[in-house]
>>> print(open('final.cif').read())   # mmCIF, C-alpha atoms and all ligand atoms
data_target
#
loop_
_atom_site.group_PDB
_atom_site.id
_atom_site.type_symbol
_atom_site.label_atom_id
_atom_site.label_comp_id
_atom_site.auth_asym_id
_atom_site.auth_seq_id
_atom_site.Cartn_x
_atom_site.Cartn_y
_atom_site.Cartn_z
ATOM 1 C CA MET A 1158 101.012 84.041 95.655
ATOM 2 C CA SER A 1159 102.066 87.479 96.814
ATOM 3 C CA VAL A 1160 101.945 90.324 94.302
ATOM 4 C CA ILE A 1161 104.904 91.912 96.055
ATOM 5 C CA SER A 1162 108.440 90.658 95.427
ATOM 6 C CA GLY A 1163 109.835 91.714 98.790
ATOM 7 C CA ASP A 1164 113.057 92.819 97.071
ATOM 8 C CA PHE A 1165 113.370 96.528 97.800
ATOM 9 C CA ARG A 1166 116.990 96.884 96.643
ATOM 10 C CA HIS A 1167 116.058 98.505 93.341
ATOM 11 C CA LYS A 1168 112.744 99.972 94.406
ATOM 12 C CA THR A 1169 111.977 103.616 95.003
ATOM 13 C CA THR A 1170 110.549 103.934 98.501
ATOM 14 C CA ILE A 1171 108.797 106.683 100.439
ATOM 15 C CA ALA A 1172 112.185 107.458 102.045
ATOM 16 C CA THR A 1173 113.819 107.848 98.602
ATOM 17 C CA ILE A 1174 111.164 110.408 97.649
ATOM 18 C CA GLN A 1175 111.541 112.359 100.870
ATOM 19 C CA GLU A 1176 115.351 112.352 100.642
ATOM 20 C CA LYS A 1177 115.062 113.832 97.162
ATOM 21 C CA LYS A 1178 113.281 116.864 98.601
ATOM 22 C CA LEU A 1179 116.057 117.302 101.164
ATOM 23 C CA ARG A 1180 118.673 117.077 98.411
ATOM 24 C CA ARG A 1181 116.595 119.393 96.178
ATOM 25 C CA GLU A 1182 116.547 116.761 93.423
ATOM 26 C CA PRO A 1183 113.453 116.966 91.200
ATOM 27 C CA ILE A 1184 111.000 114.112 91.714
ATOM 28 C CA THR A 1185 109.432 112.551 88.610
ATOM 29 C CA CYS A 1186 106.014 110.949 88.425
ATOM 30 C CA LEU A 1187 103.740 109.821 85.587
ATOM 31 C CA THR A 1188 100.444 108.031 85.462
ATOM 32 C CA ALA A 1189 100.128 104.579 83.912
ATOM 33 C CA TYR A 1190 97.180 102.242 83.787
ATOM 34 C CA ASP A 1191 98.340 98.997 82.150
ATOM 35 C CA TYR A 1192 101.296 96.608 81.983
ATOM 36 C CA ALA A 1193 102.821 97.785 78.684
ATOM 37 C CA SER A 1194 102.792 101.507 79.402
ATOM 38 C CA ALA A 1195 103.834 101.012 83.039
ATOM 39 C CA ARG A 1196 106.766 98.880 81.917
ATOM 40 C CA LEU A 1197 107.948 101.534 79.452
ATOM 41 C CA VAL A 1198 107.594 104.239 82.093
ATOM 42 C CA ASP A 1199 109.319 102.141 84.757
ATOM 43 C CA GLU A 1200 112.242 101.275 82.483
ATOM 44 C CA THR A 1201 113.103 104.988 82.181
ATOM 45 C CA GLY A 1202 113.803 105.101 85.916
ATOM 46 C CA ILE A 1203 110.938 107.435 86.757
ATOM 47 C CA ASP A 1204 110.506 107.782 90.546
ATOM 48 C CA MET A 1205 106.768 107.165 90.947
ATOM 49 C CA ILE A 1206 103.906 105.744 88.897
ATOM 50 C CA LEU A 1207 100.440 106.928 89.817
ATOM 51 C CA VAL A 1208 97.574 104.685 88.789
ATOM 52 C CA GLY A 1209 95.403 107.776 88.568
ATOM 53 C CA ASP A 1210 91.632 107.800 88.519
ATOM 54 C CA SER A 1211 92.182 109.943 85.403
ATOM 55 C CA LEU A 1212 91.982 106.526 83.749
ATOM 56 C CA ALA A 1213 88.204 107.005 83.959
ATOM 57 C CA MET A 1214 88.579 109.748 81.356
ATOM 58 C CA VAL A 1215 91.623 108.833 79.249
ATOM 59 C CA VAL A 1216 91.162 105.040 79.150
ATOM 60 C CA LEU A 1217 87.493 104.386 79.893
ATOM 61 C CA GLY A 1218 86.005 107.396 78.070
ATOM 62 C CA TYR A 1219 83.992 108.955 80.919
ATOM 63 C CA GLU A 1220 83.584 112.745 81.100
ATOM 64 C CA THR A 1221 84.774 112.944 84.709
ATOM 65 C CA THR A 1222 86.741 110.739 87.098
ATOM 66 C CA LEU A 1223 83.671 110.069 89.230
ATOM 67 C CA PRO A 1224 82.340 106.789 87.770
ATOM 68 C CA VAL A 1225 85.445 104.595 88.132
ATOM 69 C CA THR A 1226 85.106 101.952 90.855
ATOM 70 C CA VAL A 1227 87.458 100.406 93.418
ATOM 71 C CA ASP A 1228 87.383 97.086 91.552
ATOM 72 C CA GLU A 1229 88.313 98.768 88.265
ATOM 73 C CA MET A 1230 91.148 100.674 89.947
ATOM 74 C CA LEU A 1231 92.384 97.440 91.556
ATOM 75 C CA HIS A 1232 92.405 95.702 88.166
ATOM 76 C CA HIS A 1233 94.582 98.432 86.629
ATOM 77 C CA THR A 1234 96.832 98.751 89.694
ATOM 78 C CA ARG A 1235 97.631 95.021 89.555
ATOM 79 C CA ALA A 1236 98.705 95.324 85.918
ATOM 80 C CA VAL A 1237 100.912 98.335 86.682
ATOM 81 C CA ARG A 1238 102.445 96.688 89.742
ATOM 82 C CA ARG A 1239 103.431 93.637 87.680
ATOM 83 C CA ALA A 1240 105.437 95.982 85.435
ATOM 84 C CA ALA A 1241 107.017 98.251 88.024
ATOM 85 C CA THR A 1242 110.293 96.913 89.358
ATOM 86 C CA HIS A 1243 111.728 100.348 90.150
ATOM 87 C CA ALA A 1244 109.053 103.041 90.558
ATOM 88 C CA LEU A 1245 106.970 103.537 93.685
ATOM 89 C CA VAL A 1246 103.413 102.550 92.744
ATOM 90 C CA ILE A 1247 100.631 104.762 94.097
ATOM 91 C CA ALA A 1248 96.972 103.890 93.605
ATOM 92 C CA ASP A 1249 94.369 106.633 93.421
ATOM 93 C CA MET A 1250 91.384 106.036 95.687
ATOM 94 C CA PRO A 1251 88.321 106.623 93.486
ATOM 95 C CA TYR A 1252 85.396 108.879 94.327
ATOM 96 C CA ALA A 1253 83.126 107.532 97.109
ATOM 97 C CA SER A 1254 85.679 104.924 98.217
ATOM 98 C CA TYR A 1255 86.813 107.135 101.139
ATOM 99 C CA HIS A 1256 83.951 109.613 101.544
ATOM 100 C CA VAL A 1257 81.369 107.514 103.379
ATOM 101 C CA SER A 1258 83.172 106.473 106.566
ATOM 102 C CA GLU A 1259 86.733 106.195 107.833
ATOM 103 C CA HIS A 1260 86.209 102.499 108.481
ATOM 104 C CA GLU A 1261 85.230 101.883 104.864
ATOM 105 C CA ALA A 1262 88.041 104.143 103.638
ATOM 106 C CA VAL A 1263 90.716 102.182 105.524
ATOM 107 C CA ARG A 1264 89.239 98.898 104.300
ATOM 108 C CA ASN A 1265 89.234 100.108 100.674
ATOM 109 C CA ALA A 1266 92.737 101.577 100.919
ATOM 110 C CA ALA A 1267 94.088 98.341 102.406
ATOM 111 C CA ARG A 1268 92.750 96.440 99.383
ATOM 112 C CA PHE A 1269 95.098 98.432 97.129
ATOM 113 C CA LEU A 1270 98.118 97.289 99.155
ATOM 114 C CA LYS A 1271 96.917 93.774 99.893
ATOM 115 C CA GLU A 1272 95.238 92.768 96.620
ATOM 116 C CA ALA A 1273 97.047 94.916 94.044
ATOM 117 C CA GLY A 1274 100.517 95.461 95.489
ATOM 118 C CA ALA A 1275 100.334 99.270 95.584
ATOM 119 C CA GLU A 1276 102.828 100.860 97.931
ATOM 120 C CA ALA A 1277 100.760 103.942 98.738
ATOM 121 C CA VAL A 1278 97.373 105.489 98.000
ATOM 122 C CA LYS A 1279 96.368 109.004 96.999
ATOM 123 C CA ILE A 1280 93.287 110.809 98.237
ATOM 124 C CA GLU A 1281 91.930 114.238 97.336
ATOM 125 C CA GLY A 1282 91.283 116.919 99.956
ATOM 126 C CA GLY A 1283 93.120 118.864 102.652
ATOM 127 C CA GLN A 1284 91.940 119.787 106.156
ATOM 128 C CA ASN A 1285 88.749 117.778 105.610
ATOM 129 C CA ARG A 1286 90.834 114.595 105.062
ATOM 130 C CA ALA A 1287 93.495 115.083 107.765
ATOM 131 C CA ALA A 1288 91.809 112.748 110.269
ATOM 132 C CA LEU A 1289 91.482 110.087 107.578
ATOM 133 C CA VAL A 1290 95.150 110.428 106.601
ATOM 134 C CA GLU A 1291 96.018 109.761 110.252
ATOM 135 C CA HIS A 1292 93.830 106.638 110.320
ATOM 136 C CA LEU A 1293 95.433 105.370 107.121
ATOM 137 C CA ARG A 1294 98.895 106.043 108.485
ATOM 138 C CA ASP A 1295 97.973 104.132 111.657
ATOM 139 C CA ALA A 1296 96.938 101.248 109.390
ATOM 140 C CA GLU A 1297 100.450 101.353 107.792
ATOM 141 C CA ILE A 1298 99.094 102.804 104.560
ATOM 142 C CA PRO A 1299 101.269 105.609 103.153
ATOM 143 C CA VAL A 1300 99.157 108.459 101.794
ATOM 144 C CA MET A 1301 99.795 111.064 99.139
ATOM 145 C CA GLY A 1302 97.516 114.094 99.523
ATOM 146 C CA HIS A 1303 96.084 116.090 96.617
ATOM 147 C CA ILE A 1304 94.905 119.699 96.876
ATOM 148 C CA GLY A 1305 94.006 122.587 94.571
ATOM 149 C CA LEU A 1306 92.059 121.470 91.518
ATOM 150 C CA THR A 1307 90.721 118.173 92.816
ATOM 151 C CA PRO A 1308 88.877 116.513 89.910
ATOM 152 C CA GLN A 1309 86.583 114.496 92.207
ATOM 153 C CA SER A 1310 85.128 117.866 93.353
ATOM 154 C CA VAL A 1311 84.275 118.873 89.774
ATOM 155 C CA HIS A 1312 80.603 119.561 90.580
ATOM 156 C CA ARG A 1313 81.369 121.612 93.691
ATOM 157 C CA MET A 1314 84.016 123.596 91.774
ATOM 158 C CA GLY A 1315 81.666 124.073 88.781
ATOM 159 C CA GLY A 1316 84.187 122.607 86.330
ATOM 160 C CA PHE A 1317 87.904 121.876 86.098
ATOM 161 C CA LYS A 1318 89.070 125.354 87.168
ATOM 162 C CA VAL A 1319 92.348 126.762 88.465
ATOM 163 C CA GLN A 1320 92.090 127.144 92.265
ATOM 164 C CA GLY A 1321 93.793 129.378 94.833
ATOM 165 C CA LYS A 1322 93.325 132.716 93.104
ATOM 166 C CA SER A 1323 92.090 134.830 96.042
ATOM 167 C CA LEU A 1324 93.771 135.612 99.369
ATOM 168 C CA GLU A 1325 91.161 133.529 101.162
ATOM 169 C CA ALA A 1326 91.690 130.572 98.811
ATOM 170 C CA ILE A 1327 95.483 130.832 99.183
ATOM 171 C CA ASP A 1328 95.093 130.769 102.958
ATOM 172 C CA ARG A 1329 92.893 127.694 102.706
ATOM 173 C CA LEU A 1330 95.425 125.899 100.496
ATOM 174 C CA MET A 1331 98.297 126.713 102.872
ATOM 175 C CA ASN A 1332 96.243 125.308 105.763
ATOM 176 C CA ASP A 1333 95.300 122.255 103.695
ATOM 177 C CA ALA A 1334 98.957 121.489 103.002
ATOM 178 C CA ALA A 1335 99.912 121.999 106.668
ATOM 179 C CA ALA A 1336 97.057 119.728 107.784
ATOM 180 C CA LEU A 1337 98.130 116.942 105.407
ATOM 181 C CA GLU A 1338 101.751 117.267 106.496
ATOM 182 C CA GLY A 1339 100.695 117.178 110.158
ATOM 183 C CA ALA A 1340 98.533 114.116 109.568
ATOM 184 C CA GLY A 1341 101.454 112.213 108.049
ATOM 185 C CA ALA A 1342 100.959 112.409 104.276
ATOM 186 C CA PHE A 1343 104.282 111.493 102.653
ATOM 187 C CA ALA A 1344 103.804 113.862 99.680
ATOM 188 C CA ILE A 1345 101.200 116.279 98.366
ATOM 189 C CA VAL A 1346 100.000 116.738 94.781
ATOM 190 C CA LEU A 1347 99.355 120.403 93.955
ATOM 191 C CA GLU A 1348 97.072 120.594 90.930
ATOM 192 C CA GLY A 1349 95.883 123.615 88.963
ATOM 193 C CA ILE A 1350 97.074 126.468 91.178
ATOM 194 C CA PRO A 1351 99.125 129.620 90.445
ATOM 195 C CA ARG A 1352 102.874 128.959 90.517
ATOM 196 C CA GLU A 1353 103.384 131.575 93.251
ATOM 197 C CA VAL A 1354 101.007 129.708 95.550
ATOM 198 C CA ALA A 1355 102.659 126.357 94.774
ATOM 199 C CA ALA A 1356 106.049 127.895 95.561
ATOM 200 C CA MET A 1357 104.798 129.179 98.940
ATOM 201 C CA ILE A 1358 103.318 125.794 99.841
ATOM 202 C CA THR A 1359 106.483 123.976 98.743
ATOM 203 C CA ALA A 1360 108.609 126.221 100.929
ATOM 204 C CA SER A 1361 106.275 125.839 103.898
ATOM 205 C CA VAL A 1362 106.010 122.036 104.172
ATOM 206 C CA SER A 1363 108.694 119.437 104.851
ATOM 207 C CA VAL A 1364 107.060 116.803 102.621
ATOM 208 C CA PRO A 1365 107.575 116.841 98.841
ATOM 209 C CA THR A 1366 105.049 118.659 96.662
ATOM 210 C CA ILE A 1367 104.328 117.153 93.257
ATOM 211 C CA GLY A 1368 102.903 119.677 90.815
ATOM 212 C CA ILE A 1369 100.581 119.359 87.865
ATOM 213 C CA GLY A 1370 99.635 122.714 86.438
ATOM 214 C CA ALA A 1371 101.310 124.304 89.479
ATOM 215 C CA GLY A 1372 104.482 125.719 87.968
ATOM 216 C CA PRO A 1373 108.162 124.830 88.219
ATOM 217 C CA ASP A 1374 108.814 125.458 91.923
ATOM 218 C CA CYS A 1375 107.291 122.236 93.241
ATOM 219 C CA ASP A 1376 109.604 119.448 94.417
ATOM 220 C CA GLY A 1377 108.454 117.235 91.566
ATOM 221 C CA GLN A 1378 106.136 117.064 88.575
ATOM 222 C CA VAL A 1379 103.451 114.635 87.471
ATOM 223 C CA LEU A 1380 101.630 114.420 84.141
ATOM 224 C CA VAL A 1381 98.923 112.157 82.774
ATOM 225 C CA LEU A 1382 100.778 109.793 80.413
ATOM 226 C CA HIS A 1383 98.164 110.081 77.654
ATOM 227 C CA ASP A 1384 98.536 113.902 77.667
ATOM 228 C CA LEU A 1385 102.312 113.661 77.344
ATOM 229 C CA LEU A 1386 102.007 111.106 74.520
ATOM 230 C CA GLY A 1387 99.341 113.025 72.588
ATOM 231 C CA LEU A 1388 96.810 110.238 73.007
ATOM 232 C CA THR A 1389 93.762 112.252 74.070
ATOM 233 C CA PHE A 1390 90.791 113.603 72.155
ATOM 234 C CA SER A 1391 90.256 117.063 73.614
ATOM 235 C CA LYS A 1392 92.346 120.209 73.691
ATOM 236 C CA PRO A 1393 95.125 119.706 76.245
ATOM 237 C CA ALA A 1394 95.301 121.994 79.278
ATOM 238 C CA LYS A 1395 97.759 124.933 79.183
ATOM 239 C CA PHE A 1396 100.277 123.140 81.419
ATOM 240 C CA VAL A 1397 100.542 120.003 79.268
ATOM 241 C CA ARG A 1398 103.688 119.560 77.224
ATOM 242 C CA GLN A 1399 103.002 116.996 74.494
ATOM 243 C CA TYR A 1400 106.217 115.041 73.880
ATOM 244 C CA ALA A 1401 104.801 112.769 71.150
ATOM 245 C CA ASP A 1402 101.846 112.514 68.788
ATOM 246 C CA LEU A 1403 100.773 108.911 69.289
ATOM 247 C CA ARG A 1404 97.253 109.625 68.139
ATOM 248 C CA THR A 1405 98.523 110.378 64.635
ATOM 249 C CA ALA A 1406 101.075 107.540 64.778
ATOM 250 C CA ILE A 1407 98.460 104.961 65.844
ATOM 251 C CA SER A 1408 95.876 106.173 63.318
ATOM 252 C CA GLY A 1409 98.500 105.938 60.554
ATOM 253 C CA ALA A 1410 99.518 102.391 61.532
ATOM 254 C CA VAL A 1411 95.915 101.180 61.730
ATOM 255 C CA ARG A 1412 95.024 102.761 58.356
ATOM 256 C CA ALA A 1413 98.094 101.115 56.758
ATOM 257 C CA PHE A 1414 97.048 97.678 58.102
ATOM 258 C CA LYS A 1415 93.477 98.113 56.839
ATOM 259 C CA ASP A 1416 94.759 99.199 53.436
ATOM 260 C CA ASP A 1417 97.198 96.282 53.154
ATOM 261 C CA VAL A 1418 94.523 93.699 54.031
ATOM 262 C CA GLU A 1419 92.032 95.237 51.611
ATOM 263 C CA HIS A 1420 94.654 95.175 48.803
ATOM 264 C CA GLY A 1421 95.955 91.670 49.528
ATOM 265 C CA ALA A 1422 99.326 93.029 50.643
ATOM 266 C CA TYR A 1423 99.129 91.513 54.123
ATOM 267 C CA PRO A 1424 100.099 88.891 55.124
ATOM 268 C CA GLY A 1425 103.013 88.342 52.735
ATOM 269 C CA GLU A 1426 105.086 85.252 52.068
ATOM 270 C CA ASP A 1427 107.511 86.030 54.915
ATOM 271 C CA GLU A 1428 104.637 86.470 57.321
ATOM 272 C CA SER A 1429 103.118 83.026 56.558
ATOM 273 C CA TYR A 1430 103.904 79.611 58.063
ATOM 274 C CA HIS A 1431 104.784 76.716 55.715
ATOM 275 C CA LEU A 1432 104.442 72.956 55.926
ATOM 276 C CA PRO A 1433 107.738 71.020 56.265
ATOM 277 C CA GLY A 1434 109.007 69.935 52.770
ATOM 278 C CA ASP A 1435 108.121 66.211 53.072
ATOM 279 C CA VAL A 1436 104.618 66.913 54.336
ATOM 280 C CA ALA A 1437 104.084 69.520 51.608
ATOM 281 C CA GLU A 1438 105.112 66.961 48.976
ATOM 282 C CA ALA A 1439 102.777 64.311 50.412
ATOM 283 C CA VAL A 1440 99.895 66.766 50.419
ATOM 284 C CA GLU A 1441 100.652 67.739 46.828
ATOM 285 C CA ALA A 1442 100.871 64.077 45.758
ATOM 286 C CA SER A 1443 97.540 63.281 47.412
ATOM 287 C CA LEU A 1444 95.958 66.193 45.581
ATOM 288 C CA ARG A 1445 97.337 64.850 42.248
ATOM 289 C CA ARG A 1446 95.928 61.292 42.824
ATOM 290 C CA PRO A 1447 92.658 60.786 40.915
ATOM 291 C CA ALA A 1448 89.653 60.465 43.191
ATOM 292 C CA ARG A 1449 88.184 56.900 43.377
HETATM 293 O O1 LIG A 1501 94.235 110.850 88.416
HETATM 294 C C1 LIG A 1501 95.279 111.442 88.126
HETATM 295 O O2 LIG A 1501 95.893 111.196 87.077
HETATM 296 C C2 LIG A 1501 95.777 112.426 89.053
HETATM 297 C C3 LIG A 1501 96.952 113.244 88.637
HETATM 298 C C4 LIG A 1501 96.497 114.245 87.668
HETATM 299 C C5 LIG A 1501 97.657 113.852 89.781
HETATM 300 O O3 LIG A 1501 95.244 112.586 90.105
#
>>> encode(input="final.cif", output="structure tokens", more="lines below")
Ligand code: KIV
Amino acid sequence: MSVISGDFRHKTTIATIQEKKLRREPITCLTAYDYASARLVDETGIDMILVGDSLAMVVLGYETTLPVTVDEMLHHTRAVRRAATHALVIADMPYASYHVSEHEAVRNAARFLKEAGAEAVKIEGGQNRAALVEHLRDAEIPVMGHIGLTPQSVHRMGGFKVQGKSLEAIDRLMNDAAALEGAGAFAIVLEGIPREVAAMITASVSVPTIGIGAGPDCDGQVLVLHDLLGLTFSKPAKFVRQYADLRTAISGAVRAFKDDVEHGAYPGEDESYHLPGDVAEAVEASLRRPAR
């Protein structure tokens, strides 16, 4: 059975996203990694859901995004795709799934469309990935680029650091964006760069830029859902706006359950099933009969 419905009437498409840039309408994107959260996100009418490899950190508990595998990303993408009837679903290609050879990269990317129902993939890198973006485009795989603070380069960068702070680095980022646009990327994530640089890139390319820690002048914004919900365990980055405190809410609910069970307050009468009246009477009568 296909994972794709084939009904695009209510679906955000690549064209929808690109038209939004032309109309100067802000593009919205959030990450999601499972059915329940993706469904809640999708029901708000958000434009795009990114099954980000950030799941390695916020869901699987790794210190970086590097360990998550293609099979793990496929598993989560399938769950998200089952929930998303409106948003464009983009799967993040994990580290080492597109770094070894272009042949392997196209094969891995195709799995996200074919086996998980993703409608696009995201890869990190600029000029160094332009040839690959072209190959993916030739294989009918829409690609979102990602430049600036690219978490898969954490060791090369020496940590999760803001990028593009020198004239040379700005020049490199401008060329990265132009190379991705030229190669056919349908959008570009700008992560962890000064807002002035993001504004220059946004003005210089025809494809939408989606910012995260890149200021307000991008064509759209993306956040990691767990950051927005307050469901992480380390100090959030400066750019994160926490719209809820689910960590406290979940802790409170779990503590209340534990307390109720320990004090015999759960389950209550209303939360218990009962035998039908006639069966209950028969059971009672059999209990009253003296044993032979
Ligand atoms: O993996 C991710 O969540 C991302 C976003 C931060 C853009 O790449």
>>> closest_residue(input="final.cif", among="A:Leu1306, A:Ala1275, A:Val1319, A:Ala1267", to="ligand LIG 1501 (chain A)", atoms="only C-alpha atoms and all ligand atoms")
A:Leu1306
>>> resolve_selection(input="final.cif", expression="the PyMOL selection byres (((chain A and resi 1357-1368) around 10) and not hetatm)", output="ChimeraX atom specification")
/A:1174-1179,1181,1183-1186,1301-1303,1327,1330-1339,1341-1350,1352-1356,1369-1380
>>> closest_residue(input="final.cif", among="A:Leu1385, A:Val1263, A:Ala1439, A:Ala1273", to="ligand LIG 1501 (chain A)", atoms="all atoms listed in the file")
A:Leu1385
>>> resolve_selection(input="final.cif", expression="the PyMOL selection byres (((not hetatm)) within 6 of (chain A and resi 1501))", output="list in words")
Thr1188, Gly1209, Asp1210, Ser1211 and Val1381 of chain A
>>> closest_residue(input="final.cif", among="A:His1167, A:Leu1245, A:Arg1239, A:His1233", to="A:Met1205", atoms="only C-alpha atoms")
A:Leu1245
>>> closest_residue(input="final.cif", among="A:His1243, A:His1383, A:Arg1268, A:Lys1322", to="A:Ile1298", atoms="all atoms listed in the file")
A:Arg1268
>>> atom_distance(input="final.cif", atom1="atom CA of A:Leu1212", atom2="atom CA of A:Tyr1190")
6.7 Å
>>> residues_around(input="final.cif", residues="A:Thr1405", least_positions_apart="3", cutoff="9 Å", atoms="all atoms listed in the file", output="list of chain:residue names")
A:Gly1387, A:Leu1388, A:Asp1402, A:Ser1408, A:Gly1409, A:Ala1410
>>> residues_near_point(input="final.cif", point="(94.9, 107.4, 86.3)", cutoff="12 Å", atoms="only C-alpha atoms", output="PyMOL selection string")
chain A and resi 1186-1191+1195+1206-1217+1221-1223+1225+1229-1231+1233-1234+1237+1246-1251+1279+1308+1379-1384
>>> atom_distance(input="final.cif", atom1="atom CA of A:Gln1284", atom2="atom CA of A:Ile1304")
9.7 Å
>>> atom_distance(input="final.cif", atom1="atom CA of A:Asn1265", atom2="atom CA of A:Arg1329")
27.9 Å
>>> resolve_selection(input="final.cif", expression="the PyMOL selection byres (((chain A and resi 1256-1259) around 10) and not hetatm)", output="ChimeraX atom specification")
/A:1251-1255,1260-1265,1280,1286,1288-1290,1292-1293
>>> axis_aligned_box(input="final.cif", around="stretch 1243-1261 of chain A", padding_each_side="8 Å", output="AutoDock Vina command-line options")
--center_x 96.5 --center_y 105.0 --center_z 99.3 --size_x 46.4 --size_y 25.3 --size_z 34.3
>>> closest_residue(input="final.cif", among="A:Ala1406, A:Ala1266, A:Ala1448, A:Phe1396", to="A:Arg1294", atoms="only C-alpha atoms")
A:Ala1266
>>> closest_residue(input="final.cif", among="A:Val1311, A:Val1300, A:Ala1437, A:Val1198", to="A:Val1278", atoms="only C-alpha atoms")
A:Val1300
>>> decode(input="final.cif", residues="stretch 1423-1436 of chain A", atoms="N, CA and C atoms", output="compact mmCIF listing (two decimals), in the first residue's frame")
# COMPACT_ATOMS: atom_id res chain seq x y z
N TYR A 1423 -6.38 6.09 42.74
CA TYR A 1423 -6.55 5.76 41.33
C TYR A 1423 -6.36 4.26 41.16
N PRO A 1424 -7.21 3.56 40.40
CA PRO A 1424 -8.41 4.07 39.75
C PRO A 1424 -9.59 4.16 40.71
N GLY A 1425 -10.53 5.06 40.41
CA GLY A 1425 -11.73 5.21 41.23
C GLY A 1425 -12.85 4.38 40.67
N GLU A 1426 -14.01 4.49 41.31
CA GLU A 1426 -15.19 3.74 40.90
C GLU A 1426 -15.54 4.01 39.43
N ASP A 1427 -15.54 5.29 39.06
CA ASP A 1427 -15.92 5.67 37.69
C ASP A 1427 -14.91 5.21 36.65
N GLU A 1428 -13.73 4.87 37.12
CA GLU A 1428 -12.69 4.45 36.16
C GLU A 1428 -12.55 2.93 36.12
N SER A 1429 -13.52 2.21 36.73
CA SER A 1429 -13.48 0.75 36.77
C SER A 1429 -14.63 0.17 35.96
N TYR A 1430 -14.39 -1.00 35.34
CA TYR A 1430 -15.45 -1.72 34.63
C TYR A 1430 -16.22 -2.57 35.64
N HIS A 1431 -17.51 -2.84 35.34
CA HIS A 1431 -18.34 -3.65 36.24
C HIS A 1431 -18.98 -4.79 35.48
N LEU A 1432 -19.24 -5.89 36.19
CA LEU A 1432 -19.96 -7.00 35.57
C LEU A 1432 -21.40 -6.58 35.33
N PRO A 1433 -22.09 -7.13 34.29
CA PRO A 1433 -23.52 -6.86 34.15
C PRO A 1433 -24.25 -7.37 35.40
N GLY A 1434 -25.40 -6.73 35.78
CA GLY A 1434 -26.11 -7.04 37.02
C GLY A 1434 -26.35 -8.52 37.24
N ASP A 1435 -26.90 -9.23 36.21
CA ASP A 1435 -27.25 -10.66 36.41
C ASP A 1435 -26.01 -11.50 36.66
N VAL A 1436 -24.94 -11.19 35.97
CA VAL A 1436 -23.71 -11.97 36.17
C VAL A 1436 -23.14 -11.68 37.56
